[in-house]
>>> print(open('final13.tsv').read())   # TSV, C-alpha atoms and all ligand atoms
chain	number	residue	atom	x	y	z
A	10	MET	CA	-1.27	-20.54	-36.06
A	11	LEU	CA	-2.04	-18.51	-32.94
A	12	GLU	CA	-3.84	-20.35	-30.14
A	13	GLU	CA	-7.27	-19.05	-29.17
A	14	PRO	CA	-6.97	-17.17	-25.85
A	15	VAL	CA	-10.20	-18.78	-24.63
A	16	ILE	CA	-11.84	-22.09	-25.52
A	17	VAL	CA	-15.60	-22.30	-25.52
A	18	ALA	CA	-17.80	-25.33	-24.99
A	19	ARG	CA	-21.33	-26.09	-23.89
A	20	GLU	CA	-22.88	-28.94	-21.94
A	21	GLY	CA	-26.66	-28.82	-21.92
A	22	ARG	CA	-27.65	-25.40	-20.60
A	23	VAL	CA	-24.14	-24.65	-19.29
A	24	GLY	CA	-21.66	-22.49	-21.20
A	25	ILE	CA	-17.99	-23.20	-20.42
A	26	ILE	CA	-15.16	-20.75	-21.06
A	27	THR	CA	-11.61	-22.03	-20.52
A	28	LEU	CA	-8.81	-19.47	-20.26
A	29	ASN	CA	-6.12	-20.68	-22.61
A	30	ARG	CA	-2.64	-19.16	-22.26
A	31	PRO	CA	-1.09	-22.08	-20.35
A	32	ALA	CA	2.52	-21.12	-21.10
A	33	GLN	CA	1.93	-17.78	-19.35
A	34	LEU	CA	-0.19	-19.29	-16.54
A	35	ASN	CA	-3.20	-17.66	-18.24
A	36	ALA	CA	-1.81	-14.14	-17.72
A	37	LEU	CA	-4.65	-11.85	-18.70
A	38	ASN	CA	-3.81	-9.70	-21.73
A	39	ASP	CA	-6.14	-7.69	-23.94
A	40	ALA	CA	-6.68	-10.49	-26.47
A	41	LEU	CA	-7.79	-12.82	-23.67
A	42	MET	CA	-9.97	-10.26	-21.87
A	43	ASP	CA	-11.58	-9.16	-25.17
A	44	ALA	CA	-12.36	-12.79	-26.04
A	45	LEU	CA	-13.62	-13.57	-22.54
A	46	GLY	CA	-15.94	-10.54	-22.63
A	47	ARG	CA	-17.22	-11.48	-26.08
A	48	GLU	CA	-17.98	-15.08	-25.08
A	49	LEU	CA	-19.57	-14.04	-21.78
A	50	LEU	CA	-21.95	-11.68	-23.58
A	51	SER	CA	-22.66	-14.27	-26.24
A	52	PHE	CA	-23.65	-16.90	-23.61
A	53	ASP	CA	-25.60	-14.26	-21.72
A	54	GLN	CA	-27.71	-13.60	-24.82
A	55	ASP	CA	-28.13	-17.29	-25.68
A	56	LYS	CA	-31.60	-18.45	-24.65
A	57	ASP	CA	-30.40	-22.05	-24.35
A	58	ILE	CA	-27.78	-21.21	-21.70
A	59	GLY	CA	-28.69	-20.83	-18.03
A	60	ALA	CA	-25.30	-20.65	-16.29
A	61	ILE	CA	-21.69	-19.97	-17.27
A	62	VAL	CA	-18.46	-21.53	-15.97
A	63	ILE	CA	-15.07	-19.84	-16.27
A	64	THR	CA	-12.08	-22.07	-15.65
A	65	GLY	CA	-8.33	-22.35	-16.29
A	66	ASN	CA	-6.02	-25.34	-16.15
A	67	GLU	CA	-4.57	-27.48	-13.35
A	68	LYS	CA	-1.66	-25.13	-12.67
A	69	ALA	CA	-3.43	-21.80	-12.96
A	70	PHE	CA	-6.84	-20.25	-13.09
A	71	ALA	CA	-4.92	-17.08	-13.99
A	72	ALA	CA	-1.69	-15.61	-12.58
A	73	GLY	CA	-2.87	-12.03	-13.05
A	74	ALA	CA	-2.70	-9.25	-15.58
A	75	ASP	CA	0.05	-9.73	-18.15
A	76	ILE	CA	3.00	-8.01	-16.47
A	77	ALA	CA	5.19	-8.21	-19.58
A	78	VAL	CA	2.63	-6.20	-21.56
A	79	MET	CA	1.96	-3.63	-18.84
A	80	ALA	CA	5.60	-2.91	-18.06
A	81	ASP	CA	6.02	-0.20	-20.73
A	82	TRP	CA	2.62	1.48	-20.53
A	83	SER	CA	2.38	5.13	-19.52
A	84	TYR	CA	-0.33	6.86	-17.52
A	85	MET	CA	-1.79	8.33	-20.74
A	86	ASP	CA	-1.85	4.88	-22.36
A	87	VAL	CA	-4.01	3.40	-19.61
A	88	TYR	CA	-6.08	6.52	-18.93
A	89	GLN	CA	-7.03	7.21	-22.53
A	90	SER	CA	-7.69	3.59	-23.45
A	91	GLY	CA	-9.68	2.93	-20.27
A	92	PHE	CA	-7.49	0.03	-19.08
A	93	ILE	CA	-9.59	-2.47	-17.04
A	94	THR	CA	-12.82	-0.53	-17.73
A	95	ARG	CA	-12.62	-1.26	-21.46
A	96	ASN	CA	-12.76	-5.06	-21.27
A	97	TRP	CA	-12.23	-6.47	-17.74
A	98	GLU	CA	-15.53	-5.08	-16.54
A	99	THR	CA	-17.64	-6.74	-19.23
A	100	ILE	CA	-18.36	-9.48	-16.69
A	101	ARG	CA	-20.43	-6.97	-14.71
A	102	GLN	CA	-22.94	-6.85	-17.59
A	103	VAL	CA	-23.62	-10.58	-17.36
A	104	ARG	CA	-27.03	-11.25	-15.81
A	105	LYS	CA	-26.84	-15.06	-15.70
A	106	PRO	CA	-24.98	-16.88	-12.88
A	107	VAL	CA	-21.23	-17.15	-13.49
A	108	ILE	CA	-19.17	-19.77	-11.64
A	109	ALA	CA	-15.36	-19.71	-11.40
A	110	ALA	CA	-13.76	-23.17	-11.20
A	111	VAL	CA	-10.32	-22.46	-9.74
A	112	SER	CA	-7.36	-24.80	-9.70
A	113	GLY	CA	-3.79	-23.67	-8.98
A	114	PHE	CA	-2.88	-19.97	-9.00
A	115	ALA	CA	-5.54	-17.27	-8.85
A	116	MET	CA	-3.29	-14.26	-8.40
A	117	GLY	CA	-3.72	-10.55	-8.94
A	118	GLY	CA	-6.15	-10.03	-11.80
A	119	GLY	CA	-6.85	-13.79	-11.78
A	120	CYS	CA	-8.06	-13.58	-8.19
A	121	GLU	CA	-10.01	-10.43	-9.09
A	122	LEU	CA	-11.65	-12.18	-12.03
A	123	ALA	CA	-12.72	-15.01	-9.72
A	124	LEU	CA	-14.04	-12.43	-7.24
A	125	ALA	CA	-16.13	-10.89	-10.03
A	126	CYS	CA	-17.84	-14.26	-10.57
A	127	ASP	CA	-20.94	-15.17	-8.54
A	128	ILE	CA	-19.69	-18.46	-7.09
A	129	ILE	CA	-16.13	-19.76	-6.71
A	130	VAL	CA	-15.52	-23.50	-6.58
A	131	ALA	CA	-11.91	-24.15	-5.59
A	132	ALA	CA	-9.78	-27.24	-6.00
A	133	GLU	CA	-7.67	-28.13	-2.96
A	134	SER	CA	-4.60	-26.92	-4.92
A	135	ALA	CA	-6.05	-23.44	-5.45
A	136	LYS	CA	-4.01	-20.49	-4.17
A	137	PHE	CA	-5.37	-16.99	-3.91
A	138	ALA	CA	-3.30	-13.80	-3.66
A	139	LEU	CA	-3.36	-10.13	-4.56
A	140	PRO	CA	0.43	-9.63	-4.82
A	141	GLU	CA	0.35	-6.35	-6.80
A	142	ILE	CA	2.20	-4.62	-3.94
A	143	LYS	CA	5.31	-6.60	-4.91
A	144	LEU	CA	5.21	-4.74	-8.25
A	145	ALA	CA	4.49	-1.40	-6.54
A	146	MET	CA	1.03	-1.62	-8.16
A	147	LEU	CA	-2.37	-2.09	-6.58
A	148	PRO	CA	-5.20	-4.61	-7.05
A	149	GLY	CA	-6.97	-2.38	-9.53
A	150	ALA	CA	-9.47	-4.71	-11.18
A	151	GLY	CA	-11.93	-4.57	-8.29
A	152	GLY	CA	-9.65	-6.23	-5.73
A	153	THR	CA	-9.56	-3.46	-3.15
A	154	GLN	CA	-13.36	-3.27	-3.29
A	155	ARG	CA	-14.59	-6.85	-3.71
A	156	LEU	CA	-12.08	-8.55	-1.41
A	157	PRO	CA	-13.03	-6.64	1.80
A	158	ARG	CA	-16.69	-7.16	0.96
A	159	ALA	CA	-15.99	-10.89	0.65
A	160	ILE	CA	-13.70	-11.51	3.62
A	161	GLY	CA	-13.73	-8.33	5.73
A	162	LYS	CA	-11.24	-5.48	6.10
A	163	ALA	CA	-8.69	-7.17	8.39
A	164	LYS	CA	-8.03	-10.17	6.16
A	165	ALA	CA	-8.23	-8.07	2.98
A	166	MET	CA	-5.68	-5.54	4.28
A	167	ASP	CA	-3.38	-8.41	5.24
A	168	MET	CA	-3.63	-9.95	1.76
A	169	CYS	CA	-3.25	-6.67	-0.17
A	170	LEU	CA	-0.52	-5.08	1.96
A	171	SER	CA	1.63	-8.17	2.53
A	172	ALA	CA	0.86	-10.17	-0.64
A	173	ARG	CA	-0.13	-13.09	1.61
A	174	MET	CA	-1.21	-16.13	-0.37
A	175	LEU	CA	-4.21	-18.11	0.88
A	176	SER	CA	-4.59	-21.85	0.50
A	177	ALA	CA	-7.97	-23.15	-0.67
A	178	GLU	CA	-8.69	-24.25	2.89
A	179	GLU	CA	-8.02	-20.72	4.22
A	180	ALA	CA	-9.99	-19.13	1.39
A	181	ASP	CA	-12.91	-21.40	2.30
A	182	ARG	CA	-12.67	-20.55	6.00
A	183	TYR	CA	-12.56	-16.79	5.27
A	184	GLY	CA	-15.53	-16.89	2.91
A	185	LEU	CA	-13.59	-16.08	-0.25
A	186	VAL	CA	-14.76	-19.25	-1.99
A	187	SER	CA	-18.05	-21.13	-1.99
A	188	ARG	CA	-16.79	-24.72	-1.92
A	189	VAL	CA	-13.50	-26.65	-1.90
A	190	VAL	CA	-13.22	-30.04	-3.60
A	191	PRO	CA	-10.39	-32.47	-4.39
A	192	ASP	CA	-8.62	-31.45	-7.61
A	193	ALA	CA	-9.83	-34.52	-9.49
A	194	GLN	CA	-13.44	-33.53	-8.77
A	195	LEU	CA	-13.26	-29.83	-9.69
A	196	THR	CA	-14.67	-30.10	-13.20
A	197	ASP	CA	-17.31	-32.65	-12.33
A	198	THR	CA	-18.52	-30.80	-9.22
A	199	THR	CA	-18.59	-27.42	-10.97
A	200	LEU	CA	-20.43	-28.71	-14.03
A	201	LYS	CA	-22.98	-30.54	-11.86
A	202	LEU	CA	-23.52	-27.37	-9.82
A	203	ALA	CA	-23.83	-25.26	-12.97
A	204	ALA	CA	-26.28	-27.76	-14.50
A	205	GLN	CA	-28.35	-27.75	-11.32
A	206	ILE	CA	-28.50	-23.94	-11.34
A	207	ALA	CA	-29.18	-23.79	-15.09
A	208	GLY	CA	-32.13	-26.14	-14.58
A	209	TYR	CA	-33.93	-23.57	-12.45
A	210	SER	CA	-36.02	-20.76	-13.92
A	211	LEU	CA	-33.68	-18.29	-15.61
A	212	PRO	CA	-35.62	-15.09	-14.83
A	213	ALA	CA	-35.73	-16.14	-11.16
A	214	LEU	CA	-31.96	-16.75	-11.17
A	215	MET	CA	-31.39	-13.34	-12.76
A	216	ALA	CA	-33.61	-11.64	-10.18
A	217	ILE	CA	-31.78	-13.36	-7.30
A	218	LYS	CA	-28.36	-12.42	-8.70
A	219	GLU	CA	-29.44	-8.81	-9.18
A	220	SER	CA	-30.90	-8.64	-5.66
A	221	LEU	CA	-27.82	-10.13	-4.01
A	222	ASN	CA	-25.52	-7.77	-5.91
A	223	ARG	CA	-27.72	-4.92	-4.75
A	224	ALA	CA	-26.73	-5.74	-1.17
A	225	HIS	CA	-23.27	-4.35	-1.96
A	226	GLU	CA	-24.55	-1.25	-3.70
A	227	SER	CA	-27.22	0.14	-1.39
A	228	SER	CA	-28.38	0.75	2.17
A	229	LEU	CA	-30.35	-2.03	3.90
A	230	SER	CA	-33.66	-0.19	3.42
A	231	GLU	CA	-33.01	0.43	-0.28
A	232	GLY	CA	-31.84	-3.16	-0.72
A	233	ILE	CA	-34.90	-4.57	1.01
A	234	LEU	CA	-37.14	-2.37	-1.14
A	235	PHE	CA	-35.38	-3.63	-4.27
A	236	GLU	CA	-35.76	-7.22	-3.08
A	237	ARG	CA	-39.46	-6.68	-2.35
A	238	ARG	CA	-40.06	-5.34	-5.89
A	239	GLU	CA	-38.21	-8.33	-7.33
A	240	LEU	CA	-40.33	-10.65	-5.19
A	241	HIS	CA	-43.57	-9.03	-6.34
A	242	ALA	CA	-42.36	-9.28	-9.94
A	243	ARG	CA	-42.03	-13.07	-9.49
A	244	PHE	CA	-45.84	-13.20	-9.46
A	245	ALA	CA	-45.78	-12.06	-13.09
A	246	SER	CA	-43.64	-15.09	-13.98
A	247	ALA	CA	-45.23	-18.20	-15.49
A	248	ASP	CA	-42.37	-20.27	-14.03
A	249	ALA	CA	-43.12	-19.09	-10.48
A	250	HIS	CA	-46.73	-20.25	-10.80
A	251	GLU	CA	-45.55	-23.51	-12.37
A	252	GLY	CA	-42.99	-24.01	-9.56
A	253	MET	CA	-45.56	-23.53	-6.81
A	254	ARG	CA	-48.21	-25.62	-8.60
A	255	ALA	CA	-45.70	-28.44	-9.19
A	256	PHE	CA	-44.85	-28.44	-5.48
A	257	ILE	CA	-48.52	-28.73	-4.52
A	258	GLU	CA	-49.13	-31.46	-7.13
A	259	LYS	CA	-45.95	-33.30	-6.00
A	260	ARG	CA	-44.37	-33.35	-9.46
A	261	LYS	CA	-41.26	-31.94	-11.11
A	262	PRO	CA	-41.74	-28.39	-12.40
A	263	ASP	CA	-41.49	-27.78	-16.13
A	264	PHE	CA	-39.84	-24.37	-16.36
A	265	GLN	CA	-40.09	-22.42	-19.62
A	266	HIS	CA	-37.72	-19.67	-18.42
A	267	ARG	CA	-40.45	-17.08	-18.60
B	301	LIG	N1	2.16	-11.90	-16.43
B	301	LIG	C1	2.94	-12.32	-17.43
B	301	LIG	N2	3.55	-13.52	-17.44
B	301	LIG	C2	3.37	-14.32	-16.38
B	301	LIG	C3	2.56	-13.94	-15.28
B	301	LIG	C4	1.92	-12.66	-15.35
B	301	LIG	N3	1.10	-12.23	-14.38
B	301	LIG	N4	2.57	-14.92	-14.38
B	301	LIG	C5	3.35	-15.90	-14.88
B	301	LIG	N5	3.83	-15.53	-16.09
B	301	LIG	C6	4.72	-16.29	-16.96
B	301	LIG	C7	6.15	-16.29	-16.44
B	301	LIG	O1	6.80	-15.12	-16.83
B	301	LIG	C8	6.69	-17.54	-17.08
B	301	LIG	O2	6.99	-17.25	-18.42
B	301	LIG	P1	8.40	-17.81	-19.05
B	301	LIG	O3	8.27	-19.31	-19.00
B	301	LIG	O4	8.40	-17.25	-20.43
B	301	LIG	O5	9.50	-17.30	-18.16
B	301	LIG	C9	5.50	-18.49	-17.09
B	301	LIG	O6	4.34	-17.67	-16.95
B	301	LIG	C10	5.52	-19.47	-15.95
B	301	LIG	O7	5.66	-18.74	-14.74
B	301	LIG	P2	6.77	-19.07	-13.64
B	301	LIG	O8	8.00	-19.65	-14.27
B	301	LIG	O9	6.98	-17.84	-12.82
B	301	LIG	O10	6.02	-20.20	-12.80
B	301	LIG	P3	6.25	-20.57	-11.26
B	301	LIG	O11	5.48	-21.82	-11.04
B	301	LIG	O12	7.69	-20.56	-10.93
B	301	LIG	O13	5.57	-19.37	-10.45
B	301	LIG	C11	3.81	-17.78	-9.96
B	301	LIG	C12	4.18	-19.18	-10.51
B	301	LIG	C13	4.11	-17.74	-8.44
B	301	LIG	C14	2.32	-17.58	-10.20
B	301	LIG	C15	4.64	-16.70	-10.68
B	301	LIG	O14	4.53	-16.89	-12.07
B	301	LIG	C16	4.21	-15.29	-10.37
B	301	LIG	O15	4.52	-14.76	-9.30
B	301	LIG	N6	3.50	-14.64	-11.33
B	301	LIG	C17	3.08	-13.26	-11.19
B	301	LIG	C18	1.92	-13.16	-10.24
B	301	LIG	C19	1.52	-11.71	-10.07
B	301	LIG	O16	2.29	-10.87	-9.62
B	301	LIG	N7	0.28	-11.41	-10.45
B	301	LIG	C20	-0.25	-10.08	-10.34
B	301	LIG	C21	-0.03	-9.35	-11.63
B	301	LIG	S1	-0.59	-7.68	-11.56
B	301	LIG	C22	-2.25	-7.84	-11.71
B	301	LIG	O17	-2.79	-8.86	-11.95
B	301	LIG	C23	-3.05	-6.60	-11.52
B	301	LIG	C24	-4.42	-6.65	-12.20
B	301	LIG	C25	-5.24	-5.52	-11.72
B	301	LIG	C26	-5.15	-4.29	-12.53
B	301	LIG	C27	-3.81	-4.00	-13.09
B	301	LIG	C28	-2.90	-3.28	-12.10
B	301	LIG	C29	-1.50	-3.87	-11.98
>>> encode(input="final13.tsv", output="structure tokens", more="lines below")
Ligand code: CO8
Amino acid sequence: MLEEPVIVAREGRVGIITLNRPAQLNALNDALMDALGRELLSFDQDKDIGAIVITGNEKAFAAGADIAVMADWSYMDVYQSGFITRNWETIRQVRKPVIAAVSGFAMGGGCELALACDIIVAAESAKFALPEIKLAMLPGAGGTQRLPRAIGKAKAMDMCLSARMLSAEEADRYGLVSRVVPDAQLTDTTLKLAAQIAGYSLPALMAIKESLNRAHESSLSEGILFERRELHARFASADAHEGMRAFIEKRKPDFQHR
């Protein structure tokens, strides 16, 4: 029987998706990216889920797009089928917070997948690289766009042009990841973080994510205007009134995610 390319679990309000091609270091083929997209959208539509975690295994988050599969493709194959656009970009439709828990290799498309998540928690063993240049390819799943936005042009050029691999400590220092933890604590820390986030008001989380993403898509004035509209919209949210009332009454808020 074929192994499932992703394994899905849930813990409270947290949806967990584990990439599951360990023999290929979770190389990202169509079956895996289709399944990942499907599960992401399913958790995004699930009213009992407030945050999503994507993770791999100890040796690899993902070692990139599946090179063995791509080797024989022609230009027409990828152009007509919309390679990358057709399934890798599904993650951009997800409105709930998505956290990447990265241990071991996050290379090429694996690094780009992590970059497409909202928060990256890295184990000390994590290694980040965009080594497509070694294949005479380019980081074409958002890498040339998201990496410089994350760590600046100088470091991004270095990584993309030389295939330099960053340790977790370097990735932390450069702002590529959100937190670094000992390997043994990766799952626990990430799930606690995800549970904490999922405990907040979901529409507020969605508004914050949308506003922050807007910072990359617009001028400062447009971004500030967008943020201001989102802020005003908070006053139409029952949870926002509950949150402020609970603070004044010195009690825990009871969010209904409305
Ligand atoms: N694709 C397919 N198979 C892979 C991949 C991959 N990306 N990475 C590892 N594997 C396979 C190996 O072929 C090997 O299979 P087998 O046991 O059958 O020989 C198995 O996984 C284990 O790998 P290694 O024996 O190589 O393990 P090591 O610990 O010696 O090395 C490395 C680990 C350093 C991660 C090494 O496997 C490696 O360099 N992998 C390739 C990394 C890479 O170049 N990634 C970028 C790929 S291109 C990409 O992601 C682009 C996406 C963006 C859009 C598309 C444009 C190209």
>>> atom_distance(input="final13.tsv", atom1="atom CA of Leu45 of chain A", atom2="atom CA of Arg19 of chain A")
14.8 Å
>>> closest_atom_pairs(input="final13.tsv", of="segment 80-149 of chain A", to="segment 30-44 of chain A", cutoff="8 Å", atoms="only C-alpha atoms", output="JSON lines")
{"residue": "A:Asn96", "atom": "CA", "partner": "A:Asp43", "partner_atom": "CA", "distance": 5.8}
{"residue": "A:Trp97", "atom": "CA", "partner": "A:Met42", "partner_atom": "CA", "distance": 6.0}
{"residue": "A:Gly118", "atom": "CA", "partner": "A:Leu37", "partner_atom": "CA", "distance": 7.3}
{"residue": "A:Gly119", "atom": "CA", "partner": "A:Leu37", "partner_atom": "CA", "distance": 7.5}
>>> residues_near_ligand(input="final13.tsv", ligand="ligand LIG 301 (chain B)", cutoff="9 Å", atoms="all atoms listed in the file", output="ChimeraX atom specification")
/A:30-38,68-69,71-79,92-93,113-121,138-152
>>> atom_distance(input="final13.tsv", atom1="atom CA of Gln89 of chain A", atom2="atom CA of Leu50 of chain A")
24.1 Å
>>> closest_residue(input="final13.tsv", among="A:Leu170, A:Asn222, A:Ala213, A:Val103", to="Ala247 of chain A", atoms="only C-alpha atoms")
A:Ala213
